[in-house]
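J.: There's a structure below that I have some questions on.
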Amino acid sequence: VHLIPVNPVREDGLNPKSRKRIMPDLLTEPPAIDPVYEARVYCNIPTIAERSMEGHAPHYFKLVSVQVLIRHGDRYPLYAIPKTKRPDIDCMLVPSRKPSHPQLEAFIKHMSKGSAAQMDGSLSSLPRYPSHSLCEMGELTQTGVVQHLRNGQLLREIYINKHKLLLGDWTAKQLYLETTGKSRTLQSALALLYTFLPDFDWKKINMRHQWSTIFCSGSCDCPMRNHYLEEEQRRQYSLRVKNNDLEKIYVDMAKIVGIPTRQLRASNPIDSLLCYFCHNVTFPCTKTGCISMEHFKVIKRHQLEDERERQEKKLYFLYALLATHPFLNQTVNRLQQIAEGKKEEVFVLYSAHDVTLSPVLSALGITEARFPRFAARLVFELWQDGKRPKEHFIRILYNGADVTFQTSFCKDHYKRSNKPMCPLEKLVHFVKRDMFLIFNSTSYYDACRRRAL
């Protein structure tokens with residue numbers, strides 16, 4: 001829409017205050033990708049209180065289980081741009097420094113008492129919160145901690161205060177917690193958990209270690225998954241080579257920092273530049289010049305175009321189906337057990353990475369979803385129909401938005417049903433059977449060894 005000022009003349013001849021009239025322009029082109037706006041969304045800087053659709057259902061429905069998959073919060077880069085000074089970010093937690101949270105100080109104190117928790121394998125040797133005056137590579141920042149303190153607080157207000165999913169005397173068996181072996185995922189899980197269950201008893205915490213970023217546990221042997229991932233990487237490479245603007249930017253940046261273009265590209269500069277951008281730190285300079293916002297925009301725009309093409313080409317979708325089946329199968333098995341009356345593991349938290357969430361979204365058919373931002377959350381809610389207690393429904397929410405009917409298995413149900421949810425069987429059939437149809441298979445094992453049609 002365009003806002004057009006209108007200045008009507010009053011009867012006394014004076015000009016009144018300008019008003020605005022909204023006139024829809026139906027011929028407007030769809031907005032072009034705005035890389036700066038998209039980068040801001042990705043940063044997810046905690047500012048205004050977030051509104052969310054979690055926990056919404058007709059009054060006669062009862063919430064019986066919630067499973068949450070999160071991406072870790074804001075982190076220091078995993079890569080450095082050669083011959084430039086690393087971004088100057090402090091990873092000490094300082095409650096008086098922005099962004100902060102009312103419970104940040106209490107969180108720090110509580111984390112120092114965590115030795116009573118059960119932590120799988122190498123998790124016990126990881127720090128429970130970030131604590132370096134200059135962040136280490138990949139370390140969670142204060143922003144990242146605050147993002148998940150906010151996530152936990154929001155989920156507490158809905159699931160604990162409103163829906164009483166866990167009561168005050170909750171037990172260790174009612175929680176299932178799993179994280180990869182990185183400090184940033186463990187710390188993100190603990191930050192969310194702290195505001196979800198404030199001052200929780202450490203003896204009730206059993207944090208399981210997941211060695212695989214796709215959470216495939218004991219079902220990771222899948223040759224065709226690796227094949228589709230390699231094909232997808234070839235597609236990415238081909239798109240990059242065709243982009244002349246991107247190539248010019250890489251050549252220009254390589255001259256500024258004084259290294260071969262190939263070396264600059266290998267250092268994945270967007271990862272580092274996003275840290276400068278998210279923390280409002282000036283991009284690096286050398287004697288030859290400065291990396292600028294224009295450099296950043298071109299690389300970010302290419303990244304967004306790559307995501308769009310990735311959705312269209314289907315290679316990533318085939319990879320995603322095979323990569324996420326073990327995780328989705330575990331999720332469905334647990335939901336089925338709870339629907340049958342099991343009272344354990346009613347709240348589940350998986351703390352993971354963008355490479356975990358992104359294929360799950362793709363496999364579920366949620367193609368409109370943005371690439372997982374820092375502290376993204378994907379929630380599976382299981383509801384029991386109070387009028388027909390044997391009937392169970394699911395809702396799927398991504399960053400607070402209800403995406404249940406964007407999924408491939410529940411798109412059509414939406415047209416025929418007046419309930420704002422999807423029958424649990426739809427998800428069960430999808431995971432147990434329909435995920436393999438495109439591979440002309442009936443099982444995960446077979447699909448992992450057979451080329452798609």
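A note on labels: chains of the structure tokens are A, B, ... as shown, every chain counts residues from 1, and ligands are counted from 1 in their shown order.
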Find the residues around segment 272-287 of chain A up to 8 Å (only C-alpha atoms counted), leave out those fewer than 4 positions away in its own chain, and share them as a compact mmCIF listing (two decimals) with all heavy atoms, in the first residue's frame.

T.:
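The resulting file, selection-v4.txt, is reproduced below:
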```txt
# COMPACT_ATOMS: atom_id res chain seq x y z
N ALA A 39 18.90 -9.84 7.62
CA ALA A 39 20.00 -10.04 8.58
C ALA A 39 19.57 -9.65 9.99
O ALA A 39 19.92 -10.32 10.96
CB ALA A 39 21.23 -9.23 8.15
N ARG A 40 18.77 -8.58 10.10
CA ARG A 40 18.28 -8.16 11.42
C ARG A 40 17.37 -9.23 12.02
O ARG A 40 17.42 -9.53 13.21
CB ARG A 40 17.51 -6.84 11.32
CG ARG A 40 18.43 -5.65 11.20
CD ARG A 40 17.76 -4.35 11.66
NE ARG A 40 18.64 -3.25 11.29
CZ ARG A 40 18.46 -2.49 10.22
NH1 ARG A 40 17.43 -2.68 9.43
NH2 ARG A 40 19.31 -1.51 9.95
N CYS A 43 19.53 -11.96 13.33
CA CYS A 43 20.22 -11.62 14.60
C CYS A 43 19.29 -11.85 15.80
O CYS A 43 19.75 -12.25 16.87
CB CYS A 43 20.65 -10.16 14.61
SG CYS A 43 21.87 -9.72 13.36
N ILE A 45 17.78 -9.72 17.84
CA ILE A 45 18.20 -8.95 19.02
C ILE A 45 17.00 -8.78 19.96
O ILE A 45 15.94 -8.33 19.53
CB ILE A 45 18.74 -7.55 18.60
CG1 ILE A 45 19.91 -7.70 17.62
CG2 ILE A 45 19.17 -6.74 19.82
CD1 ILE A 45 21.08 -8.50 18.12
N ARG A 75 26.00 -16.31 18.84
CA ARG A 75 27.34 -16.81 19.18
C ARG A 75 28.40 -15.99 18.48
O ARG A 75 28.14 -15.27 17.52
CB ARG A 75 27.47 -18.28 18.76
CG ARG A 75 27.24 -18.50 17.26
CD ARG A 75 27.94 -19.73 16.74
NE ARG A 75 27.55 -20.09 15.38
CZ ARG A 75 27.99 -19.47 14.28
NH1 ARG A 75 28.80 -18.44 14.37
NH2 ARG A 75 27.59 -19.87 13.08
N TYR A 76 29.61 -16.15 18.98
CA TYR A 76 30.79 -15.59 18.32
C TYR A 76 31.03 -16.40 17.05
O TYR A 76 30.67 -17.58 16.98
CB TYR A 76 31.99 -15.69 19.27
CG TYR A 76 33.11 -14.73 18.94
CD1 TYR A 76 32.92 -13.36 19.09
CD2 TYR A 76 34.34 -15.19 18.50
CE1 TYR A 76 33.94 -12.47 18.80
CE2 TYR A 76 35.37 -14.31 18.21
CZ TYR A 76 35.15 -12.94 18.36
OH TYR A 76 36.17 -12.07 18.06
N PRO A 77 31.65 -15.80 16.01
CA PRO A 77 31.83 -16.54 14.74
C PRO A 77 32.62 -17.83 14.90
O PRO A 77 33.42 -17.99 15.82
CB PRO A 77 32.61 -15.56 13.86
CG PRO A 77 32.42 -14.23 14.47
CD PRO A 77 32.17 -14.43 15.92
N LEU A 78 32.36 -18.75 13.97
CA LEU A 78 33.13 -20.00 13.91
C LEU A 78 34.35 -19.84 13.00
O LEU A 78 35.23 -20.69 12.98
CB LEU A 78 32.25 -21.12 13.36
CG LEU A 78 31.01 -21.46 14.19
CD1 LEU A 78 30.09 -22.39 13.41
CD2 LEU A 78 31.42 -22.11 15.50
N TYR A 79 34.35 -18.78 12.20
CA TYR A 79 35.44 -18.52 11.25
C TYR A 79 35.95 -17.10 11.45
O TYR A 79 35.20 -16.22 11.86
CB TYR A 79 34.95 -18.65 9.80
CG TYR A 79 34.32 -19.97 9.46
CD1 TYR A 79 32.97 -20.21 9.71
CD2 TYR A 79 35.06 -20.99 8.87
CE1 TYR A 79 32.38 -21.42 9.39
CE2 TYR A 79 34.48 -22.22 8.54
CZ TYR A 79 33.14 -22.42 8.81
OH TYR A 79 32.57 -23.62 8.49
N ALA A 80 37.24 -16.90 11.13
CA ALA A 80 37.80 -15.54 11.19
C ALA A 80 38.19 -15.12 9.78
O ALA A 80 38.63 -15.94 8.97
CB ALA A 80 39.03 -15.53 12.10
N ILE A 81 38.01 -13.84 9.47
CA ILE A 81 38.50 -13.32 8.19
C ILE A 81 40.00 -13.11 8.35
O ILE A 81 40.43 -12.35 9.23
CB ILE A 81 37.80 -12.00 7.82
CG1 ILE A 81 36.29 -12.23 7.70
CG2 ILE A 81 38.36 -11.44 6.51
CD1 ILE A 81 35.47 -10.98 7.46
N THR A 84 42.55 -9.80 9.66
CA THR A 84 41.74 -8.71 10.25
C THR A 84 41.64 -8.97 11.75
O THR A 84 41.79 -10.10 12.21
CB THR A 84 40.31 -8.67 9.68
OG1 THR A 84 39.65 -9.90 9.99
CG2 THR A 84 40.29 -8.43 8.18
N LYS A 85 41.38 -7.89 12.48
CA LYS A 85 41.21 -8.01 13.93
C LYS A 85 39.86 -8.69 14.21
O LYS A 85 38.86 -8.37 13.58
CB LYS A 85 41.24 -6.62 14.55
CG LYS A 85 41.18 -6.60 16.06
CD LYS A 85 41.30 -5.16 16.58
CE LYS A 85 41.15 -5.10 18.09
NZ LYS A 85 39.80 -5.36 18.57
N PRO A 87 36.32 -9.50 15.84
CA PRO A 87 35.35 -8.58 16.45
C PRO A 87 35.47 -8.58 17.98
O PRO A 87 35.63 -9.63 18.59
CB PRO A 87 33.99 -9.12 16.00
CG PRO A 87 34.23 -10.45 15.39
CD PRO A 87 35.67 -10.53 15.02
N ASP A 88 35.43 -7.39 18.54
CA ASP A 88 35.68 -7.22 19.97
C ASP A 88 34.38 -7.39 20.74
O ASP A 88 33.67 -6.43 21.05
CB ASP A 88 36.26 -5.81 20.18
CG ASP A 88 36.83 -5.65 21.59
OD1 ASP A 88 36.90 -6.66 22.31
OD2 ASP A 88 37.18 -4.52 21.97
N ILE A 89 34.02 -8.63 21.06
CA ILE A 89 32.78 -8.93 21.79
C ILE A 89 33.16 -9.57 23.12
O ILE A 89 33.98 -10.48 23.17
CB ILE A 89 31.87 -9.92 21.01
CG1 ILE A 89 31.72 -9.52 19.54
CG2 ILE A 89 30.52 -10.08 21.69
CD1 ILE A 89 30.89 -8.34 19.25
N ILE A 256 41.45 -6.05 -0.16
CA ILE A 256 41.48 -5.24 1.07
C ILE A 256 42.27 -5.95 2.17
O ILE A 256 43.10 -5.34 2.85
CB ILE A 256 40.04 -4.92 1.55
CG1 ILE A 256 39.37 -3.92 0.60
CG2 ILE A 256 40.03 -4.36 2.98
CD1 ILE A 256 37.88 -3.73 0.82
N VAL A 257 42.03 -7.25 2.33
CA VAL A 257 42.72 -7.96 3.42
C VAL A 257 44.05 -8.58 2.98
O VAL A 257 44.79 -9.10 3.81
CB VAL A 257 41.81 -9.03 4.08
CG1 VAL A 257 40.62 -8.39 4.75
CG2 VAL A 257 41.35 -10.07 3.09
N ASN A 268 34.68 -18.29 4.87
CA ASN A 268 33.25 -18.07 5.12
C ASN A 268 32.99 -16.69 5.74
O ASN A 268 32.51 -16.59 6.88
CB ASN A 268 32.71 -19.18 6.03
CG ASN A 268 31.20 -19.20 6.09
OD1 ASN A 268 30.53 -18.46 5.37
ND2 ASN A 268 30.65 -20.04 6.94
N ILE A 291 36.13 -3.20 4.71
CA ILE A 291 34.99 -3.99 4.27
C ILE A 291 33.73 -3.17 4.62
O ILE A 291 33.64 -2.61 5.71
CB ILE A 291 34.97 -5.36 4.97
CG1 ILE A 291 36.18 -6.18 4.48
CG2 ILE A 291 33.68 -6.11 4.69
CD1 ILE A 291 36.39 -7.49 5.19
N SER A 292 32.81 -3.06 3.66
CA SER A 292 31.69 -2.12 3.82
C SER A 292 30.35 -2.85 3.86
O SER A 292 30.25 -4.05 3.61
CB SER A 292 31.67 -1.13 2.66
OG SER A 292 31.26 -1.83 1.47
N MET A 293 29.31 -2.06 4.13
CA MET A 293 27.95 -2.58 4.13
C MET A 293 27.57 -3.12 2.74
O MET A 293 26.80 -4.07 2.63
CB MET A 293 26.97 -1.48 4.56
CG MET A 293 25.54 -1.95 4.71
SD MET A 293 25.32 -3.30 5.89
CE MET A 293 25.07 -2.39 7.40
N PHE A 296 28.77 -6.61 2.48
CA PHE A 296 27.90 -7.45 3.32
C PHE A 296 26.57 -7.73 2.60
O PHE A 296 26.11 -8.88 2.57
CB PHE A 296 27.65 -6.73 4.65
CG PHE A 296 26.67 -7.43 5.55
CD1 PHE A 296 27.02 -8.58 6.23
CD2 PHE A 296 25.38 -6.93 5.73
CE1 PHE A 296 26.12 -9.23 7.07
CE2 PHE A 296 24.47 -7.57 6.56
CZ PHE A 296 24.85 -8.72 7.24
```

J.: Among the residues of segment 138-175 of chain A, find those DSSP assigns to alpha helix (DSSP H) from the backbone and print them as JSON, numbers by chain.

T.: {"A": [142, 143, 144, 145, 146, 147, 148, 149, 150, 151, 152, 153, 154, 155]}

J.: Residues of the last selection are to be written out with C-alpha atoms, as a PDB file, in the first residue's frame.

T.:
```pdb
ATOM      1  CA  GLN A 142      25.306 -12.555  26.545  1.00  0.00           C
ATOM      2  CA  THR A 143      22.792 -11.818  23.771  1.00  0.00           C
ATOM      3  CA  GLY A 144      22.509 -15.577  23.170  1.00  0.00           C
ATOM      4  CA  VAL A 145      21.866 -16.287  26.861  1.00  0.00           C
ATOM      5  CA  VAL A 146      19.229 -13.527  27.051  1.00  0.00           C
ATOM      6  CA  GLN A 147      17.468 -14.828  23.911  1.00  0.00           C
ATOM      7  CA  HIS A 148      16.913 -18.182  25.604  1.00  0.00           C
ATOM      8  CA  LEU A 149      16.046 -16.706  28.999  1.00  0.00           C
ATOM      9  CA  ARG A 150      13.263 -14.930  27.092  1.00  0.00           C
ATOM     10  CA  ASN A 151      12.256 -18.137  25.274  1.00  0.00           C
ATOM     11  CA  GLY A 152      11.999 -20.016  28.577  1.00  0.00           C
ATOM     12  CA  GLN A 153      10.019 -17.234  30.219  1.00  0.00           C
ATOM     13  CA  LEU A 154       7.546 -17.096  27.334  1.00  0.00           C
ATOM     14  CA  LEU A 155       7.078 -20.887  27.336  1.00  0.00           C
TER      15      LEU A 155
END
```

J.: For each of A:Thr331, A:Ser238, A:Thr261, A:Ser133, take the minimum atom-to-atom distance to Val428 of chain A, counting only C-alpha atoms, then give the residue where this is smallest.

T.: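 Smallest separation from Val428 of chain A among the options: A:Thr331.
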
J.: Rounded to one decimal, what separation in Å do you get between atom CA of Ala352 of chain A and atom CA of Arg71 of chain A?

T.: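 Separating atom CA of Ala352 of chain A from atom CA of Arg71 of chain A is a distance of 4.9 Å.
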
J.: Which residues in segment 58-131 of chain A does DSSP call strand (DSSP E or B)? List them as a ChimeraX atom specification.

T.: /A:61-71,75,118-119

J.: List as a PyMOL selection string the protein and nucleic acid residues near Glu294 of chain A, meaning an atom at most 10 Å away when only C-alpha atoms are counted, but skip any in the same chain fewer than 5 places from it.

T.: chain A and resi 249+299-300
